[in-house]
Amino acid sequence: VARDPWIVFPGNLQGRHAKEIGPKGATRVHGEDGRVSEAQALALDAARFDHVALDLDAAQDEAALHALARPAFAQAVARAQGRPVALRVTLRGASALHERLLAHRLQTEEDMQALASEAGADVLLEKLVIATASARRAPPAGLDGFHDILDEIARDETFRGDVARTLASVRAKTPSDAYARLVEAGFDGEASSLVEAALQNIRAALCEASETQS
């Protein structure tokens, strides 16, 4: 932080969650004649968290996604310098893959874990975040008007109130440590967030099913 006088953040010995990415360790301080002469950062962590973001704007299929993931995962393995890695992967961008990713989330997670294992034996997919947006300008012809119905249901105050009450009941019955893990995983407990996520998943599943049957 500063050298005159020396102000050094000592560090922590081990990353504890996915927000603490990169090397973790301590600082070795050298002194001469009663004064600090050098401060040396030491990486002492036994395992490491890392985060990879893949931009899928130009990706048209899974092969293109995998082609982006492989070198990014290999770089994460190299950064870990032989340590096990817990890897968070974020998929982002306006993509032709958006609907398929949401409709087949579990398959996408399995694919990402397989590619991570291909990059290194000690690489674990900590979390997959699908933050893409649809590249579609309009829903498939067979779904004309159906998205408007979904939006109307989602805006209904009675429906949102039911969701909020259900969430409050779940919160009251969930042990605090278990709920804390849900929050860490991205659950914010808000009815609006849950309804929006459900809308996206339903739209994606409908679009994917419509294309499969056409």
# chains A, B, ... in the order shown; residues from 1 in each chain; ligands from 1
$ closest_atom_pairs --of "stretch 38-104 of chain A" --to "stretch 192-205 of chain A" --cutoff "7 Å" --atoms "only C-alpha atoms" --output "JSON lines"
{"residue": "A:Glu99", "atom": "CA", "partner": "A:Ala204", "partner_atom": "CA", "distance": 4.2}
{"residue": "A:Arg100", "atom": "CA", "partner": "A:Ala204", "partner_atom": "CA", "distance": 6.7}
{"residue": "A:Leu102", "atom": "CA", "partner": "A:Asn201", "partner_atom": "CA", "distance": 5.8}
{"residue": "A:Ala103", "atom": "CA", "partner": "A:Ala205", "partner_atom": "CA", "distance": 4.8}
$ atom_distance --atom1 "atom CA of A:Arg70" --atom2 "atom CA of A:Val123"
12.6 Å
$ select_by_dssp --residues "stretch 61-198 of chain A" --states "strand (DSSP E or B)" --output "list in words"
Val85, Ala86, Leu87, Arg88, Val89, Thr90, Leu91, Arg92, Gly93, Ala94, Ser95, Val123, Leu124, Leu125, Glu126, Lys127, Leu128, Val129, Ile130, Ala131, Thr132, Ala133 and Ser134 of chain A
$ select_by_dssp --residues "stretch 97-174 of chain A" --states "helix (DSSP H, G or I)" --output "count of residues only"
51
